[in-house]
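What follows is the content of coords09.cif (mmCIF, C-alpha atoms).
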```
data_coords
loop_
_atom_site.label_atom_id
_atom_site.label_comp_id
_atom_site.auth_asym_id
_atom_site.auth_seq_id
_atom_site.Cartn_x
_atom_site.Cartn_y
_atom_site.Cartn_z
CA MET A 214 77.64 135.06 111.26
CA ALA A 215 79.73 132.51 113.13
CA LYS A 216 79.42 131.99 116.87
CA GLY A 217 81.33 134.73 118.66
CA ALA A 218 82.07 136.63 115.45
CA GLU A 219 80.18 139.68 116.73
CA THR A 220 83.00 140.35 119.19
CA LEU A 221 85.30 141.69 116.48
CA ASN A 222 82.85 142.17 113.62
CA TRP A 223 80.27 144.56 115.06
CA ILE A 224 79.85 146.50 111.80
CA ASP A 225 78.27 143.53 110.00
CA ALA A 226 75.79 143.15 112.88
CA LEU A 227 74.34 146.62 112.24
CA PRO A 228 70.99 147.10 110.47
CA ASP A 229 71.48 147.36 106.71
CA GLU A 230 70.93 151.13 106.47
CA LEU A 231 73.27 151.91 109.36
CA ARG A 232 75.91 149.48 108.14
CA ALA A 233 75.83 151.12 104.71
CA ALA A 234 76.23 154.55 106.31
CA VAL A 235 79.28 153.41 108.29
CA MET A 236 80.89 151.64 105.34
CA SER A 237 80.36 154.66 103.06
CA GLN A 238 82.58 156.77 105.34
CA MET A 239 85.49 154.32 105.35
CA LYS A 240 88.40 154.82 103.00
CA THR A 241 90.78 152.22 101.59
CA VAL A 242 94.30 151.93 103.03
CA ARG A 243 96.91 149.50 101.73
CA VAL A 244 99.87 148.42 103.86
CA ARG A 245 102.82 146.20 103.11
CA GLU A 246 103.85 143.09 105.01
CA GLY A 247 105.70 144.01 108.22
CA ALA A 248 104.29 147.54 108.44
CA LEU A 249 103.33 148.84 111.90
CA ILE A 250 99.76 150.10 111.56
CA CYS A 251 99.01 151.23 115.13
CA GLU A 252 101.40 151.56 118.06
CA ARG A 253 100.34 150.85 121.63
CA PHE A 254 99.74 153.95 123.80
CA THR A 255 99.72 156.36 120.85
CA PRO A 256 96.67 158.62 120.27
CA ALA A 257 93.95 156.90 118.29
CA LYS A 258 93.28 158.27 114.83
CA GLY A 259 90.40 155.88 114.17
CA LEU A 260 89.49 152.26 113.62
CA PHE A 261 90.37 149.82 110.85
CA ARG A 262 88.58 146.92 109.17
CA VAL A 263 90.47 144.18 107.34
CA VAL A 264 89.40 143.62 103.74
CA SER A 265 92.18 141.19 102.85
CA GLY A 266 95.36 139.94 104.48
CA THR A 267 96.22 139.27 108.13
CA VAL A 268 96.93 141.73 110.95
CA ARG A 269 98.63 140.82 114.22
CA LEU A 270 97.49 142.44 117.49
CA PHE A 271 100.31 142.36 120.06
CA SER A 272 102.17 144.10 122.86
CA LEU A 273 105.80 144.08 123.96
CA ALA A 274 107.10 144.04 127.54
CA PRO A 275 110.11 146.24 128.48
CA ASP A 276 112.30 143.12 128.51
CA GLY A 277 111.30 142.28 124.94
CA ARG A 278 108.79 139.54 125.70
CA GLU A 279 105.84 139.53 123.32
CA MET A 280 102.16 138.86 123.83
CA ILE A 281 100.02 138.13 120.77
CA TYR A 282 96.33 138.76 121.37
CA LYS A 283 94.80 137.97 118.00
CA LEU A 284 95.43 137.48 114.31
CA ASN A 285 92.72 139.42 112.48
CA GLY A 286 91.52 138.42 109.03
CA ALA A 287 89.00 139.68 106.51
CA GLY A 288 85.89 141.25 108.07
CA GLU A 289 87.46 141.87 111.48
CA SER A 290 88.16 145.32 112.88
CA PHE A 291 90.71 146.74 115.31
CA GLY A 292 91.30 150.03 117.10
CA ASP A 293 87.57 150.16 117.89
CA ILE A 294 87.78 150.81 121.64
CA ALA A 295 90.23 153.69 121.26
CA ALA A 296 88.15 155.19 118.48
CA ILE A 297 85.04 154.97 120.66
CA ASP A 298 86.41 156.47 123.89
CA GLY A 299 89.20 158.66 122.52
CA GLY A 300 91.92 156.96 124.55
CA PRO A 301 95.20 155.62 123.14
CA TYR A 302 95.47 152.33 121.29
CA ALA A 303 95.58 149.44 123.79
CA VAL A 304 97.70 147.17 121.58
CA SER A 305 100.05 147.48 118.63
CA THR A 306 99.06 146.13 115.23
CA GLU A 307 101.30 144.90 112.44
CA ALA A 308 100.59 143.62 108.94
CA VAL A 309 101.53 139.94 108.81
CA THR A 310 100.92 139.99 105.05
CA ASP A 311 100.22 142.69 102.49
CA CYS A 312 96.83 144.04 103.56
CA GLU A 313 93.94 146.06 102.25
CA LEU A 314 92.14 147.88 105.06
CA LEU A 315 89.24 150.25 105.48
CA PHE A 316 89.76 153.21 107.82
CA LEU A 317 87.18 155.24 109.76
CA SER A 318 88.49 158.29 111.62
CA ARG A 319 87.36 159.20 115.12
CA SER A 320 85.76 162.39 113.84
CA GLN A 321 83.78 160.46 111.24
CA LEU A 322 82.67 157.92 113.86
CA ASN A 323 81.55 160.71 116.19
CA GLU A 324 79.57 162.36 113.39
CA LEU A 325 77.85 159.04 112.70
CA ARG A 326 77.03 158.67 116.40
CA LYS A 327 75.34 162.07 116.37
CA LYS A 328 73.41 161.35 113.20
CA TYR A 329 72.36 157.79 114.11
CA PRO A 330 71.51 157.47 117.84
CA GLU A 331 70.96 153.72 117.40
CA LEU A 332 74.70 153.40 116.75
CA GLU A 333 75.28 154.13 120.45
CA THR A 334 73.36 151.00 121.41
CA ALA A 335 75.39 148.91 118.97
CA LEU A 336 78.69 150.30 120.29
CA LEU A 337 77.61 149.74 123.91
CA GLY A 338 76.84 146.12 123.10
CA PHE A 339 80.22 145.74 121.42
CA VAL A 340 82.08 147.18 124.43
CA ALA A 341 80.13 144.90 126.78
CA ARG A 342 81.11 141.84 124.72
CA ILE A 343 84.75 142.92 124.78
CA ALA A 344 84.60 143.27 128.58
CA ARG A 345 82.99 139.83 128.93
CA THR A 346 85.58 138.26 126.62
CA SER A 347 88.41 139.92 128.59
CA ILE A 348 87.14 138.49 131.88
CA MET A 349 86.92 135.02 130.39
CA SER A 350 90.40 135.35 128.87
CA LEU A 351 91.83 136.31 132.27
CA GLU A 352 90.27 133.22 133.81
CA VAL A 353 91.69 130.99 131.08
CA ALA A 354 95.18 132.51 131.35
CA THR A 355 95.44 132.23 135.13
CA ILE A 356 93.75 128.99 136.21
CA PHE A 357 93.31 126.71 133.19
CA PRO A 358 95.85 123.94 132.47
CA LEU A 359 97.78 124.19 129.22
CA HIS A 360 95.66 121.97 126.98
CA ALA A 361 92.52 123.87 128.08
CA ARG A 362 94.28 127.18 127.33
CA VAL A 363 95.26 125.94 123.87
CA ALA A 364 91.72 124.70 123.18
CA SER A 365 90.21 127.99 124.36
CA ARG A 366 92.55 130.05 122.19
CA LEU A 367 91.82 127.95 119.10
CA VAL A 368 88.08 128.34 119.67
CA PHE A 369 88.56 132.09 120.02
CA LEU A 370 90.62 132.29 116.84
CA ALA A 371 87.99 130.30 114.98
CA ALA A 372 85.13 132.56 116.10
CA ASN A 373 85.19 134.77 113.00
CA GLU A 374 85.41 131.94 110.48
CA ASN A 375 82.01 131.84 108.79
CA THR A 376 81.64 128.12 108.15
CA GLY A 377 78.74 125.77 108.58
CA SER A 378 78.41 123.19 111.29
CA GLY A 379 80.79 120.28 110.92
CA GLN A 380 83.01 122.00 108.37
CA THR A 381 86.78 122.25 108.68
CA ILE A 382 88.12 125.63 109.83
CA GLU A 383 91.63 126.53 108.68
CA LEU A 384 93.62 128.93 110.85
CA LYS A 385 96.69 130.56 109.32
CA ILE A 386 98.79 130.49 112.46
CA ALA A 387 102.28 129.21 113.23
CA GLN A 388 102.88 127.11 116.33
CA LYS A 389 105.35 129.69 117.66
CA ASP A 390 102.62 132.36 117.57
CA LEU A 391 100.13 130.06 119.27
CA SER A 392 102.77 129.33 121.93
CA ILE A 393 103.15 133.05 122.64
CA MET A 394 99.38 133.45 122.89
CA VAL A 395 99.05 130.79 125.60
CA GLY A 396 102.31 131.61 127.42
CA ALA A 397 104.04 128.26 126.97
CA SER A 398 107.01 126.79 125.13
CA ARG A 399 106.61 125.67 121.54
CA GLN A 400 107.53 122.13 122.55
CA ALA A 401 104.81 122.00 125.22
CA VAL A 402 102.19 123.37 122.85
CA ASN A 403 103.25 120.88 120.16
CA LYS A 404 102.58 118.01 122.57
CA VAL A 405 99.07 119.34 123.17
CA LEU A 406 98.45 119.69 119.44
CA VAL A 407 99.63 116.13 118.85
CA GLU A 408 97.15 114.97 121.51
CA PHE A 409 94.33 116.98 119.92
CA GLN A 410 95.20 115.51 116.52
CA SER A 411 95.02 111.99 117.93
CA MET A 412 91.53 112.87 119.19
CA ALA A 413 90.53 114.00 115.67
CA LEU A 414 89.94 117.56 116.90
CA ILE A 415 92.50 119.19 114.62
CA GLU A 416 94.94 118.57 111.78
CA THR A 417 98.29 120.34 111.74
CA ARG A 418 99.84 121.60 108.53
CA TYR A 419 102.87 123.70 107.68
CA GLY A 420 102.05 127.30 108.65
CA SER A 421 98.43 126.51 109.47
CA LEU A 422 96.13 124.42 111.61
CA CYS A 423 92.75 122.95 110.66
CA ILE A 424 90.00 122.51 113.25
CA THR A 425 87.97 119.43 112.37
CA ASP A 426 85.83 119.27 115.53
CA LEU A 427 85.09 122.72 116.97
CA ASP A 428 82.58 121.44 119.52
CA GLY A 429 85.14 118.90 120.67
CA LEU A 430 87.63 121.71 121.32
CA ARG A 431 84.96 123.62 123.22
CA ARG A 432 84.44 120.60 125.43
CA GLN A 433 88.17 120.54 126.22
CA THR A 434 87.76 124.06 127.57
CA MET A 435 84.44 123.43 129.33
CA ARG A 436 86.00 120.65 131.41
CA PHE A 437 87.87 123.30 133.37
CA SER A 438 85.30 126.11 133.48
CA SER A 439 82.09 126.80 135.35
CA ALA A 440 80.12 127.01 132.10
CA PRO A 441 77.49 124.33 131.47
CA PRO A 442 78.57 121.51 129.13
CA LEU A 443 77.45 121.47 125.51
CA ASP A 444 74.45 119.29 124.66
#
```

Can you present the structure in this file as structure tokens?
Amino acid sequence: MAKGAETLNWIDALPDELRAAVMSQMKTVRVREGALICERFTPAKGLFRVVSGTVRLFSLAPDGREMIYKLNGAGESFGDIAAIDGGPYAVSTEAVTDCELLFLSRSQLNELRKKYPELETALLGFVARIARTSIMSLEVATIFPLHARVASRLVFLAANENTGSGQTIELKIAQKDLSIMVGASRQAVNKVLVEFQSMALIETRYGSLCITDLDGLRRQTMRFSSAPPLD
């Protein structure tokens, strides 16, 4: 599993028997491009896992401004927190492409929690990692300069890409979506990306971006955080 992948891929981190039990209860759901899967503040029916395609996690302000939190790909899940605590969905989710999903209802999850007490420990660890990630994201969004915010977001987006050390990681993301994620204009973000490309950290392509030096991007973030530098 890639560094940080456990944040949104807790099912694959389960012991084999427990993972098989969870997966056996999930049913296939297919959605078309542009379909709204979950709406923010609506009661949670359950959680979803992406089999294929891309799902956008976002929220809209009353004035129409949009915040994109994440683009989820194969193996990642969403709706987990609401399914765990029974509260409403915290963000809206939309199919960026045609998607095949797996769905686990809240009632099924609760039955699994009763049957497998060790699942509670796994879910507690998942919630703790989400809380830790949220605190770090708040720090990045409020005090980091733009190029550190861009680097941090790219590292976050790359977390679930299961590639070996030194390999190129391709992110299917448009610059306009990345701009929304970091709260800056597309022109400003483009300047940062050009700088990162000149440093051989990334390569930009139409509709996608390739990370060629993930540790180098991490160092761009570490320069402005209290975390210790990478070896």

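Minimum atom-to-atom distances from A:Leu359, A:Trp223, A:Met394, A:Gln321 to Ile343 of chain A were compared using only C-alpha atoms, and the lowest value belongs to A:Trp223.
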
Would you compute the distance between atom CA of Glu416 of chain A and atom CA of Val309 of chain A? Give it in Å to one decimal. 22.6 Å

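For the pair atom CA of Lys385 of chain A and atom CA of Thr425 of chain A, the interatomic distance is 14.5 Å.
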
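Shortest separation to Pro358 of chain A among A:Gly396, A:Gly292, A:Ala371, A:Asp298 occurs at residue A:Gly396, atoms counted being all atoms listed in the file.
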
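Here atom CA of Ser398 of chain A and atom CA of Phe357 of chain A stand 15.9 Å from one another.
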
Residues within 9 Å of (96.5, 119.2, 121.6), file coords, all atoms listed in the file, listed as number ranges by chain: A: 360-361, 363-364, 402-412, 414-415

Any chance you could export segment 249-284 of chain A with N, CA, C and O atoms, as a JSON list (two decimals), in the first residue's frame?
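Output below, filename selection32.json:
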```json
[["chain", "number", "residue", "atom", "x", "y", "z"],
["A", 249, "LEU", "N", -25.02, 12.72, -9.49],
["A", 249, "LEU", "CA", -24.78, 13.06, -8.10],
["A", 249, "LEU", "C", -25.02, 11.81, -7.26],
["A", 249, "LEU", "O", -26.12, 11.27, -7.24],
["A", 250, "ILE", "N", -23.99, 11.34, -6.59],
["A", 250, "ILE", "CA", -24.08, 10.08, -5.84],
["A", 250, "ILE", "C", -24.56, 10.34, -4.42],
["A", 250, "ILE", "O", -25.47, 9.67, -3.93],
["A", 251, "CYS", "N", -23.92, 11.27, -3.74],
["A", 251, "CYS", "CA", -24.32, 11.67, -2.39],
["A", 251, "CYS", "C", -24.42, 13.20, -2.35],
["A", 251, "CYS", "O", -23.62, 13.89, -2.98],
["A", 252, "GLU", "N", -25.37, 13.71, -1.59],
["A", 252, "GLU", "CA", -25.52, 15.15, -1.45],
["A", 252, "GLU", "C", -25.21, 15.57, -0.03],
["A", 252, "GLU", "O", -25.66, 14.93, 0.94],
["A", 253, "ARG", "N", -24.43, 16.61, 0.11],
["A", 253, "ARG", "CA", -24.03, 17.11, 1.42],
["A", 253, "ARG", "C", -25.25, 17.39, 2.31],
["A", 253, "ARG", "O", -26.26, 17.92, 1.84],
["A", 254, "PHE", "N", -25.16, 17.02, 3.57],
["A", 254, "PHE", "CA", -26.16, 17.23, 4.61],
["A", 254, "PHE", "C", -27.36, 16.29, 4.52],
["A", 254, "PHE", "O", -28.27, 16.38, 5.35],
["A", 255, "THR", "N", -27.40, 15.41, 3.54],
["A", 255, "THR", "CA", -28.50, 14.45, 3.47],
["A", 255, "THR", "C", -28.17, 13.22, 4.33],
["A", 255, "THR", "O", -27.00, 12.91, 4.56],
["A", 256, "PRO", "N", -29.19, 12.51, 4.84],
["A", 256, "PRO", "CA", -28.94, 11.33, 5.68],
["A", 256, "PRO", "C", -28.12, 10.29, 4.94],
["A", 256, "PRO", "O", -28.33, 10.03, 3.76],
["A", 257, "ALA", "N", -27.17, 9.71, 5.65],
["A", 257, "ALA", "CA", -26.28, 8.73, 5.04],
["A", 257, "ALA", "C", -26.98, 7.37, 4.91],
["A", 257, "ALA", "O", -27.54, 6.86, 5.86],
["A", 258, "LYS", "N", -26.93, 6.83, 3.71],
["A", 258, "LYS", "CA", -27.46, 5.49, 3.48],
["A", 258, "LYS", "C", -26.38, 4.43, 3.69],
["A", 258, "LYS", "O", -26.68, 3.28, 4.00],
["A", 259, "GLY", "N", -25.12, 4.82, 3.47],
["A", 259, "GLY", "CA", -24.02, 3.89, 3.61],
["A", 259, "GLY", "C", -22.76, 4.46, 3.01],
["A", 259, "GLY", "O", -22.67, 5.66, 2.73],
["A", 260, "LEU", "N", -21.78, 3.61, 2.80],
["A", 260, "LEU", "CA", -20.51, 4.04, 2.22],
["A", 260, "LEU", "C", -20.29, 3.37, 0.87],
["A", 260, "LEU", "O", -20.89, 2.34, 0.57],
["A", 261, "PHE", "N", -19.42, 3.96, 0.08],
["A", 261, "PHE", "CA", -19.14, 3.49, -1.27],
["A", 261, "PHE", "C", -17.64, 3.26, -1.43],
["A", 261, "PHE", "O", -16.82, 3.94, -0.82],
["A", 262, "ARG", "N", -17.30, 2.33, -2.30],
["A", 262, "ARG", "CA", -15.92, 2.06, -2.69],
["A", 262, "ARG", "C", -15.84, 2.09, -4.21],
["A", 262, "ARG", "O", -16.68, 1.49, -4.89],
["A", 263, "VAL", "N", -14.85, 2.80, -4.74],
["A", 263, "VAL", "CA", -14.71, 2.93, -6.19],
["A", 263, "VAL", "C", -14.01, 1.69, -6.75],
["A", 263, "VAL", "O", -12.92, 1.34, -6.30],
["A", 264, "VAL", "N", -14.66, 1.05, -7.71],
["A", 264, "VAL", "CA", -14.05, -0.07, -8.43],
["A", 264, "VAL", "C", -13.35, 0.45, -9.68],
["A", 264, "VAL", "O", -12.21, 0.10, -9.97],
["A", 265, "SER", "N", -14.05, 1.30, -10.43],
["A", 265, "SER", "CA", -13.46, 1.92, -11.62],
["A", 265, "SER", "C", -14.10, 3.28, -11.82],
["A", 265, "SER", "O", -15.23, 3.53, -11.41],
["A", 266, "GLY", "N", -13.35, 4.17, -12.48],
["A", 266, "GLY", "CA", -13.84, 5.52, -12.71],
["A", 266, "GLY", "C", -13.30, 6.49, -11.67],
["A", 266, "GLY", "O", -12.45, 6.15, -10.84],
["A", 267, "THR", "N", -13.80, 7.72, -11.72],
["A", 267, "THR", "CA", -13.35, 8.79, -10.82],
["A", 267, "THR", "C", -14.54, 9.49, -10.21],
["A", 267, "THR", "O", -15.52, 9.80, -10.90],
["A", 268, "VAL", "N", -14.47, 9.74, -8.92],
["A", 268, "VAL", "CA", -15.53, 10.41, -8.17],
["A", 268, "VAL", "C", -14.97, 11.69, -7.55],
["A", 268, "VAL", "O", -13.86, 11.68, -6.99],
["A", 269, "ARG", "N", -15.72, 12.76, -7.66],
["A", 269, "ARG", "CA", -15.30, 14.06, -7.12],
["A", 269, "ARG", "C", -16.01, 14.33, -5.79],
["A", 269, "ARG", "O", -17.23, 14.24, -5.71],
["A", 270, "LEU", "N", -15.24, 14.66, -4.75],
["A", 270, "LEU", "CA", -15.79, 15.04, -3.46],
["A", 270, "LEU", "C", -15.73, 16.56, -3.35],
["A", 270, "LEU", "O", -14.64, 17.13, -3.45],
["A", 271, "PHE", "N", -16.87, 17.21, -3.13],
["A", 271, "PHE", "CA", -16.90, 18.67, -3.19],
["A", 271, "PHE", "C", -18.01, 19.24, -2.30],
["A", 271, "PHE", "O", -18.87, 18.51, -1.81],
["A", 272, "SER", "N", -17.97, 20.55, -2.13],
["A", 272, "SER", "CA", -19.06, 21.28, -1.48],
["A", 272, "SER", "C", -19.24, 22.60, -2.19],
["A", 272, "SER", "O", -18.31, 23.11, -2.82],
["A", 273, "LEU", "N", -20.44, 23.15, -2.09],
["A", 273, "LEU", "CA", -20.77, 24.43, -2.71],
["A", 273, "LEU", "C", -21.19, 25.43, -1.65],
["A", 273, "LEU", "O", -21.98, 25.12, -0.75],
["A", 274, "ALA", "N", -20.65, 26.66, -1.73],
["A", 274, "ALA", "CA", -21.05, 27.74, -0.85],
["A", 274, "ALA", "C", -22.36, 28.34, -1.36],
["A", 274, "ALA", "O", -22.73, 28.16, -2.52],
["A", 275, "PRO", "N", -23.11, 29.06, -0.50],
["A", 275, "PRO", "CA", -24.37, 29.68, -0.93],
["A", 275, "PRO", "C", -24.21, 30.60, -2.14],
["A", 275, "PRO", "O", -25.14, 30.76, -2.93],
["A", 276, "ASP", "N", -23.02, 31.21, -2.28],
["A", 276, "ASP", "CA", -22.80, 32.12, -3.41],
["A", 276, "ASP", "C", -22.33, 31.39, -4.67],
["A", 276, "ASP", "O", -22.00, 32.02, -5.67],
["A", 277, "GLY", "N", -22.30, 30.06, -4.61],
["A", 277, "GLY", "CA", -21.93, 29.28, -5.79],
["A", 277, "GLY", "C", -20.47, 28.88, -5.87],
["A", 277, "GLY", "O", -20.10, 28.11, -6.75],
["A", 278, "ARG", "N", -19.65, 29.39, -4.96],
["A", 278, "ARG", "CA", -18.24, 29.00, -4.98],
["A", 278, "ARG", "C", -18.12, 27.52, -4.61],
["A", 278, "ARG", "O", -18.86, 27.02, -3.79],
["A", 279, "GLU", "N", -17.13, 26.88, -5.22],
["A", 279, "GLU", "CA", -16.97, 25.44, -5.06],
["A", 279, "GLU", "C", -15.65, 25.11, -4.38],
["A", 279, "GLU", "O", -14.64, 25.77, -4.61],
["A", 280, "MET", "N", -15.68, 24.09, -3.53],
["A", 280, "MET", "CA", -14.47, 23.57, -2.93],
["A", 280, "MET", "C", -14.37, 22.09, -3.27],
["A", 280, "MET", "O", -15.29, 21.32, -2.96],
["A", 281, "ILE", "N", -13.28, 21.70, -3.94],
["A", 281, "ILE", "CA", -13.06, 20.29, -4.26],
["A", 281, "ILE", "C", -12.08, 19.73, -3.23],
["A", 281, "ILE", "O", -10.98, 20.23, -3.07],
["A", 282, "TYR", "N", -12.51, 18.68, -2.54],
["A", 282, "TYR", "CA", -11.66, 18.08, -1.52],
["A", 282, "TYR", "C", -10.76, 16.99, -2.09],
["A", 282, "TYR", "O", -9.60, 16.87, -1.70],
["A", 283, "LYS", "N", -11.29, 16.19, -2.99],
["A", 283, "LYS", "CA", -10.55, 15.01, -3.43],
["A", 283, "LYS", "C", -11.17, 14.48, -4.70],
["A", 283, "LYS", "O", -12.37, 14.64, -4.94],
["A", 284, "LEU", "N", -10.35, 13.84, -5.53],
["A", 284, "LEU", "CA", -10.81, 13.05, -6.66],
["A", 284, "LEU", "C", -10.48, 11.60, -6.32],
["A", 284, "LEU", "O", -9.30, 11.24, -6.24]]
```
